[in-house]
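J.: So I've got this file, model_22.txt, and it contains compact mmCIF, C-alpha atoms:
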```txt
# COMPACT_ATOMS: atom_id res chain seq x y z
CA MET A 8 -7.75 -9.92 18.70
CA LYS A 9 -9.62 -9.76 15.40
CA ASN A 10 -12.68 -7.54 15.12
CA LYS A 11 -15.16 -9.46 12.96
CA GLU A 12 -17.23 -6.35 12.18
CA PHE A 13 -14.30 -4.21 11.03
CA GLU A 14 -13.53 -4.49 7.32
CA PRO A 15 -10.34 -2.54 6.61
CA LYS A 16 -10.10 -0.29 3.58
CA ILE A 17 -6.82 -1.10 1.84
CA VAL A 18 -5.51 0.76 -1.19
CA ALA A 19 -2.84 -0.90 -3.31
CA PHE A 20 -0.57 0.94 -5.72
CA LEU A 21 0.53 -1.75 -8.18
CA CYS A 22 3.22 -1.53 -10.84
CA ASN A 23 1.74 -2.09 -14.29
CA TRP A 24 4.46 -4.46 -15.47
CA CYS A 25 4.86 -6.82 -12.54
CA SER A 26 2.57 -6.56 -9.53
CA TYR A 27 -0.58 -5.66 -11.45
CA ALA A 28 0.12 -8.60 -13.76
CA GLY A 29 0.67 -10.76 -10.65
CA ALA A 30 -2.73 -9.65 -9.34
CA ASP A 31 -4.25 -10.49 -12.72
CA LEU A 32 -2.64 -13.95 -12.57
CA ALA A 33 -4.08 -14.46 -9.08
CA GLY A 34 -7.53 -13.63 -10.43
CA VAL A 35 -7.23 -15.79 -13.53
CA SER A 36 -5.95 -18.65 -11.36
CA ARG A 37 -8.97 -18.16 -9.07
CA LEU A 38 -6.78 -17.73 -6.01
CA GLN A 39 -8.74 -16.52 -3.01
CA TYR A 40 -7.85 -13.29 -1.24
CA PRO A 41 -9.88 -10.66 0.63
CA SER A 42 -11.90 -8.18 -1.37
CA ASN A 43 -10.89 -5.29 0.92
CA ILE A 44 -8.21 -4.18 -1.52
CA ARG A 45 -8.74 -1.35 -4.00
CA VAL A 46 -6.13 -1.30 -6.74
CA ILE A 47 -4.58 1.75 -8.32
CA ARG A 48 -2.54 0.77 -11.34
CA VAL A 49 0.60 2.87 -11.81
CA MET A 50 3.20 2.55 -14.55
CA CYS A 51 5.94 2.29 -11.92
CA THR A 52 5.96 2.37 -8.13
CA GLY A 53 8.64 5.04 -8.54
CA THR A 54 5.80 7.42 -9.47
CA VAL A 55 4.05 6.93 -6.11
CA SER A 56 4.97 9.97 -4.04
CA PRO A 57 4.77 10.36 -0.27
CA HIS A 58 1.90 12.76 -0.96
CA HIS A 59 -0.12 9.99 -2.65
CA ILE A 60 0.31 7.69 0.35
CA LEU A 61 -0.48 10.34 2.97
CA HIS A 62 -3.47 11.56 0.94
CA THR A 63 -4.74 7.97 0.79
CA PHE A 64 -4.61 7.71 4.58
CA ASP A 65 -6.18 11.17 4.90
CA LYS A 66 -9.12 10.01 2.78
CA GLY A 67 -9.83 7.07 5.08
CA ALA A 68 -7.65 4.14 4.08
CA ASP A 69 -6.73 1.81 6.94
CA GLY A 70 -3.75 0.39 5.06
CA VAL A 71 -1.66 1.07 1.95
CA LEU A 72 0.15 -1.58 -0.06
CA VAL A 73 2.77 -0.60 -2.62
CA ALA A 74 3.92 -3.47 -4.83
CA GLY A 75 6.38 -3.37 -7.70
CA CYS A 76 8.97 -5.25 -9.70
CA HIS A 77 11.73 -7.08 -7.87
CA ILE A 78 14.88 -5.05 -7.25
CA GLY A 79 16.95 -5.12 -10.43
CA ASP A 80 13.94 -5.96 -12.64
CA CYS A 81 12.30 -2.52 -12.90
CA HIS A 82 11.19 -1.68 -16.44
CA TYR A 83 12.26 1.88 -15.72
CA LEU A 84 15.65 0.77 -14.34
CA LYS A 85 15.67 2.46 -10.93
CA GLY A 86 12.01 3.02 -10.06
CA ASN A 87 11.92 0.42 -7.33
CA TYR A 88 15.08 1.85 -5.72
CA MET A 89 13.31 5.23 -5.54
CA THR A 90 10.25 3.50 -4.09
CA LEU A 91 12.29 1.82 -1.37
CA LYS A 92 13.87 5.15 -0.40
CA ARG A 93 10.52 7.01 -0.42
CA LEU A 94 8.66 4.42 1.59
CA THR A 95 11.37 4.39 4.24
CA PHE A 96 10.84 8.16 4.48
CA VAL A 97 7.03 7.77 4.64
CA GLU A 98 7.32 5.20 7.45
CA GLY A 99 9.15 7.86 9.47
CA LEU A 100 6.43 10.40 8.70
CA LEU A 101 3.74 7.96 9.79
CA ARG A 102 5.56 7.28 13.06
CA PHE A 103 5.88 11.03 13.64
CA ALA A 104 2.14 11.49 13.00
CA GLY A 105 1.28 8.74 15.50
CA TYR A 106 0.40 6.12 12.89
CA ASP A 107 1.57 2.55 13.15
CA PRO A 108 4.00 2.09 10.22
CA ASP A 109 2.63 -1.46 9.85
CA ARG A 110 -0.28 0.17 8.02
CA LEU A 111 2.08 0.65 5.09
CA ARG A 112 3.59 -2.32 3.28
CA LEU A 113 6.05 -2.60 0.43
CA GLU A 114 6.35 -5.81 -1.58
CA TRP A 115 8.18 -6.95 -4.70
CA ILE A 116 5.86 -9.18 -6.74
CA SER A 117 6.58 -10.33 -10.29
CA ALA A 118 4.04 -11.04 -13.01
CA ALA A 119 4.54 -14.79 -12.43
CA GLU A 120 3.80 -14.58 -8.68
CA GLY A 121 0.01 -14.67 -8.51
CA ALA A 122 0.12 -16.93 -5.45
CA LYS A 123 2.47 -14.51 -3.69
CA PHE A 124 0.15 -11.61 -4.47
CA ALA A 125 -2.81 -13.44 -2.95
CA GLU A 126 -0.78 -14.37 0.14
CA VAL A 127 0.48 -10.80 0.62
CA VAL A 128 -3.08 -9.43 0.41
CA ARG A 129 -4.37 -12.04 2.87
CA ASP A 130 -1.52 -11.38 5.32
CA PHE A 131 -1.71 -7.58 5.06
CA THR A 132 -5.51 -7.55 5.43
CA GLU A 133 -5.24 -9.69 8.55
CA LYS A 134 -2.55 -7.41 10.01
CA VAL A 135 -4.54 -4.22 9.30
CA CYS A 136 -7.69 -5.82 10.67
CA GLY A 137 -5.79 -6.53 13.89
CA LEU A 138 -4.69 -2.88 14.08
CA GLY A 139 -8.29 -1.69 13.83
CA PRO A 140 -9.50 1.47 12.07
CA ALA A 141 -6.79 4.00 11.24
CA PRO A 142 -6.77 7.20 13.27
CA SER A 143 -7.88 10.29 11.39
CA PHE A 144 -5.59 13.06 10.24
CA GLU A 145 -7.89 15.66 11.84
CA ALA A 146 -5.38 16.43 14.60
CA VAL A 147 -2.71 17.31 12.03
CA PRO A 148 -2.62 21.08 11.40
CA ARG A 149 -3.44 22.07 7.84
CA ARG A 150 -2.21 25.01 5.86
CA GLY A 151 -4.91 27.56 5.50
CA ALA A 152 -6.31 30.79 6.76
CA ALA A 153 -5.01 30.47 10.34
CA GLY A 154 -1.40 29.56 9.67
CA ARG A 155 -0.16 31.62 6.74
```
Let's see the structure in the file written out as structure tokens.

T.:
Amino acid sequence: MKNKEFEPKIVAFLCNWCSYAGADLAGVSRLQYPSNIRVIRVMCTGTVSPHHILHTFDKGADGVLVAGCHIGDCHYLKGNYMTLKRLTFVEGLLRFAGYDPDRLRLEWISAAEGAKFAEVVRDFTEKVCGLGPAPSFEAVPRRGAAGR
């Protein structure tokens, strides 16, 4: 059931060389997709650490999209292999923390795939909207004065 009042906050980490260019192509081609997405341009998805993703959820994101070059096409040779390995790890962390791992999505989108970018954003926004607002990280113990 879709909540019409809930507008999910989605943060997208996009590879400079492929996915960001695909997003640009979607815009230039005037392809329609939800405006819920906030883009963070990274040189390579291999630079997106588990910390970045968890911090994004901690700061209130309802969903995180990581999109990079297709496997074998990374401008930094093995960045997308590292991304695949890291995001598999992060999905496990999210499950452990009680988050639905469907709030995290990994996609391979080339610079020529503007239509795919728009479709992925539409699909992911709809999925996150169906999940509702993300739970807060408040229940997760933090390092600090009490637990040194």

J.: With distances taken over all atoms listed in the file, which residue among A:Ala141, A:Ala119, A:Cys136, A:Leu94 lies nearest Val73 in chain A?

T.: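 Closest residue, counting all atoms listed in the file: A:Leu94.
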
J.: Rounded to one decimal in Å, what is the spacing between CA of Gly34 in chain A and CA of Ala74 in chain A?

T.: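 Computing it gives 16.3 Å between the two atoms.
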
J.: I'd like to know which of A:Thr63, A:Thr90, A:Val46, A:Ser143 is closest to Asp31 in chain A, using all atoms listed in the file.

T.: A:Val46

J.: What's around Leu113 in chain A at 12 Å? Count all atoms listed in the file, leave out sequence neighbours fewer than 4 positions away in its own chain, and write the answer as an mmCIF file with C-alpha atoms, in the frame of the given file.

T.:
```cif
data_model
loop_
_atom_site.group_PDB
_atom_site.id
_atom_site.type_symbol
_atom_site.label_atom_id
_atom_site.label_comp_id
_atom_site.auth_asym_id
_atom_site.auth_seq_id
_atom_site.Cartn_x
_atom_site.Cartn_y
_atom_site.Cartn_z
ATOM 1 C CA ALA A 19 -2.840 -0.900 -3.310
ATOM 2 C CA PHE A 20 -0.570 0.940 -5.720
ATOM 3 C CA LEU A 21 0.530 -1.750 -8.180
ATOM 4 C CA CYS A 22 3.220 -1.530 -10.840
ATOM 5 C CA SER A 26 2.570 -6.560 -9.530
ATOM 6 C CA THR A 52 5.960 2.370 -8.130
ATOM 7 C CA VAL A 55 4.050 6.930 -6.110
ATOM 8 C CA ILE A 60 0.310 7.690 0.350
ATOM 9 C CA GLY A 70 -3.750 0.390 5.060
ATOM 10 C CA VAL A 71 -1.660 1.070 1.950
ATOM 11 C CA LEU A 72 0.150 -1.580 -0.060
ATOM 12 C CA VAL A 73 2.770 -0.600 -2.620
ATOM 13 C CA ALA A 74 3.920 -3.470 -4.830
ATOM 14 C CA GLY A 75 6.380 -3.370 -7.700
ATOM 15 C CA CYS A 76 8.970 -5.250 -9.700
ATOM 16 C CA HIS A 77 11.730 -7.080 -7.870
ATOM 17 C CA ILE A 78 14.880 -5.050 -7.250
ATOM 18 C CA ASN A 87 11.920 0.420 -7.330
ATOM 19 C CA TYR A 88 15.080 1.850 -5.720
ATOM 20 C CA THR A 90 10.250 3.500 -4.090
ATOM 21 C CA LEU A 91 12.290 1.820 -1.370
ATOM 22 C CA LYS A 92 13.870 5.150 -0.400
ATOM 23 C CA ARG A 93 10.520 7.010 -0.420
ATOM 24 C CA LEU A 94 8.660 4.420 1.590
ATOM 25 C CA THR A 95 11.370 4.390 4.240
ATOM 26 C CA VAL A 97 7.030 7.770 4.640
ATOM 27 C CA GLU A 98 7.320 5.200 7.450
ATOM 28 C CA PRO A 108 4.000 2.090 10.220
ATOM 29 C CA ASP A 109 2.630 -1.460 9.850
ATOM 30 C CA PHE A 124 0.150 -11.610 -4.470
ATOM 31 C CA VAL A 127 0.480 -10.800 0.620
ATOM 32 C CA VAL A 128 -3.080 -9.430 0.410
ATOM 33 C CA PHE A 131 -1.710 -7.580 5.060
#
```

J.: So, counting all atoms listed in the file, which residue among A:His59, A:Lys66, A:Lys85, A:Lys16 is closest to Ile44 in chain A?

T.: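 Once distances to Ile44 in chain A are computed over all atoms listed in the file, the minimum belongs to A:Lys16.
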
J.: When distances are computed from all atoms listed in the file, which of A:Cys81, A:Ala30, A:Leu138, A:Leu101 shows the smallest separation from Asp65 in chain A?

T.: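 Ranked by minimum distance to Asp65 in chain A, first place goes to A:Leu101.
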
J.: Work out how far apart CA of Asp69 in chain A and CA of Ile116 in chain A are and give it in Å to one decimal.

T.: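 Answer for the CA of Asp69 in chain A to CA of Ile116 in chain A separation: 21.6 Å.
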
J.: Of the residues A:Trp24, A:Phe96, A:Phe13, A:Tyr40, which is the one nearest to Ala125 in chain A, using all atoms listed in the file?

T.: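 Of A:Trp24, A:Phe96, A:Phe13, A:Tyr40, the one nearest Ala125 in chain A is A:Tyr40, counting all atoms listed in the file.
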
J.: Between A:Met89, A:Leu100, A:Gln39, A:Ala28, which is the closest to His58 in chain A once you count all atoms listed in the file?

T.: A:Leu100

J.: In Å to one decimal, how far is CA of Glu120 in chain A from CA of Gly29 in chain A?

T.: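 For CA of Gly29 in chain A relative to CA of Glu120 in chain A, the distance reads 5.3 Å.
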